[in-house]
Structures are given as structure tokens and as C-alpha cells.
Amino acid sequence: MNSDSDLQIAGDLLEVPHLLQPAREHPSTVAEFAGLARALAADRAQWAPLVQYDATSRWYHRLRTGPGYEVWLLSWVPGQSSGSHDHGRSSGVLTVLAGELTERSESGSRALTPGAQRVFAPGYVHEVVNDAIEPAVSLHIYYPGLTEMPMHSARCAPAAQDVVPARPTRRPTTAPQRSASG
């Protein structure tokens with residue numbers, strides 16, 4: 001019987017750098033984009049000095065870009081709203097950094113407090129508004145970078161689904177009608 005173990009033959013895989021995957025410089029999965037947003041949110045010194053508030057319109061600043069994505073910093077004074085919109089072919093991660101925002105979509109309305117994240121796919125329709133009495137700041141990552149933001153005329157009332165959608169209801173069926181000739 002051979003006393004050599006696989007470890008003795010192959011060595012410690014963690015000691016063989018060429019077998020390890022290199023750390024990615026830029027995110028490429030939804031989880032990595034959400035992680036980037038959390039890391040940026042935690043680094044208040046990087047974004048807080050940049051924030052400005054504008055009473056006439058939402059303020060925004062492109063914080064960072066990478067291959068195929070961009071990161072935006074937005075501020076919201078009380079009452080400011082994005083209007084009902086989608087992000088064209090872009091997916092996104094919205095993270096609240098300070099204050100409170102409300103997101104309205106087909107699936108309802110939800111309060112978003114600091115640290116809250118929303119991940120959405122292309123075509124997701126929503127409205128974000130500052131219904132609070134204090135200003136708010138949010139971080140938005142779009143992949144691919146945002147090239148369009150179509151507005152929707154109907155107010156977004158209670159569109160991302162957080163849960164498996166309910167089964168469609170069946171429509172009552174009616175017996176086929178016979179024609180007079182047959």
C-alpha cells in the first residue's frame with residue numbers, strides 16, 4: 001500500500017499560484033456589482049465630499065467607470081422624483097447611502113433606507129422619490145453603461161419581482177359557438 005497522499009504528490013494547491021483564478025479588477029456578475037456598490041457605500045470618504053444638493057433638479061455625478069459599466073452618485077432633496085422610467089438595455093444596482101427613498105413599481109411601494117439595495121434587469125419600470133423630510137443620497141451602477149432612460153407616462157404605482165410570480169389565473173373557457181350553417 002502506498003503511503004503517499006494526494007497532497008504529498010500534488011502539493012498544496014493554494015501554494016501553486018498559477019492554478020488560482022486571478023482576482024478580477026472589475027465586476028462581471030450581479031453579485032460582484034452589488035458587492036462593488038456595498039464597498040463604495042462603506043467608503044464614505046470617497047463619495048461624501050462630492051455630494052451637492054440642488055433644489056431645482058436631482059444632482060448627479062459620475063463617480064467611476066469600468067469596462068462596460070458606470071457608477072453614478074445622486075442626491076435627492078425632499079420631494080424630488082425620478083419619474084416613472086426604465087433603463088433601456090441596462091441592468092442596475094441602486095444602493096441608498098444616506099436618507100430614505102421610496103421606490104414605486106408594479107409590485108408595490110417600498111421604503112429604502114441606508115444600505116438597502118435594489119437590483120433590476122433591463123426594461124424594469126420604476127419611480128424613485130424622496131418622500132422624506134431630509135435629503136437622501138444614492139449610488140447607481142449600470143451595466144452596460146446607461147445610454148437611455150425612457151420615461152413612462154403612467155405613474156408607476158405599485159415592476160421588479162422580488163419573489164416568484166404568482167401563477168396566472170385561468171380564464172373561464174366557453175364552449176365554441178356553432179355557426180348557423182353547421
# chains A, B, ... in the order shown; residues from 1 in each chain; ligands from 1
$ residues_around --residues "A:Gly79" --least-positions-apart "3" --cutoff "10 Å" --atoms "only C-alpha atoms" --output "list in words"
Ala55, Trp76, Val129, Asn130, Asp131, Ala132, Ile133, Glu134 and Pro135 of chain A
$ write_last_selection --atoms "N, CA and C atoms" --output "compact mmCIF listing (two decimals), in the first residue's frame"
# COMPACT_ATOMS: atom_id res chain seq x y z
N ALA A 55 -31.98 72.27 -5.37
CA ALA A 55 -33.43 72.35 -5.14
C ALA A 55 -34.23 72.31 -6.42
N TRP A 76 -30.93 63.72 -3.60
CA TRP A 76 -32.36 63.94 -3.69
C TRP A 76 -32.79 64.83 -2.53
N VAL A 129 -38.41 58.25 -5.45
CA VAL A 129 -38.78 59.58 -4.95
C VAL A 129 -38.31 59.74 -3.51
N ASN A 130 -37.97 60.98 -3.16
CA ASN A 130 -37.66 61.29 -1.76
C ASN A 130 -38.94 61.82 -1.13
N ASP A 131 -39.65 60.93 -0.43
CA ASP A 131 -40.87 61.30 0.27
C ASP A 131 -40.58 61.77 1.69
N ALA A 132 -39.33 61.73 2.09
CA ALA A 132 -38.96 62.07 3.47
C ALA A 132 -38.76 63.58 3.61
N ILE A 133 -38.45 64.02 4.82
CA ILE A 133 -38.24 65.45 5.06
C ILE A 133 -36.76 65.82 5.08
N GLU A 134 -35.88 64.83 4.90
CA GLU A 134 -34.44 65.04 4.87
C GLU A 134 -33.90 64.68 3.49
N PRO A 135 -32.79 65.28 3.05
CA PRO A 135 -32.18 64.89 1.77
C PRO A 135 -31.71 63.43 1.81
$ closest_atom_pairs --of "stretch 32-84 of chain A" --to "stretch 112-116 of chain A" --cutoff "12 Å" --atoms "only C-alpha atoms" --output "CSV"
residue,atom,partner,partner_atom,distance
A:Ala34,CA,A:Ala116,CA,10.7
A:Gly35,CA,A:Gly115,CA,11.6
A:Ala37,CA,A:Gly115,CA,9.6
A:Arg38,CA,A:Gly115,CA,7.6
A:Ala39,CA,A:Gly115,CA,10.7
A:Leu40,CA,A:Gly115,CA,11.0
A:Ala41,CA,A:Gly115,CA,7.6
A:Ala42,CA,A:Gly115,CA,9.0
$ residues_around --residues "A:Ser75" --least-positions-apart "5" --cutoff "6 Å" --atoms "only C-alpha atoms" --output "ChimeraX atom specification"
/A:59,136-137
$ atom_distance --atom1 "atom CA of A:Arg44" --atom2 "atom CA of A:His87"
26.4 Å
$ closest_residue --among "A:Ser91, A:Ser28, A:Thr56, A:Thr65" --to "A:Pro144" --atoms "only C-alpha atoms"
A:Ser91
$ closest_residue --among "A:Gly83, A:Gly92, A:Leu146, A:His61" --to "A:Arg104" --atoms "only C-alpha atoms"
A:Gly83
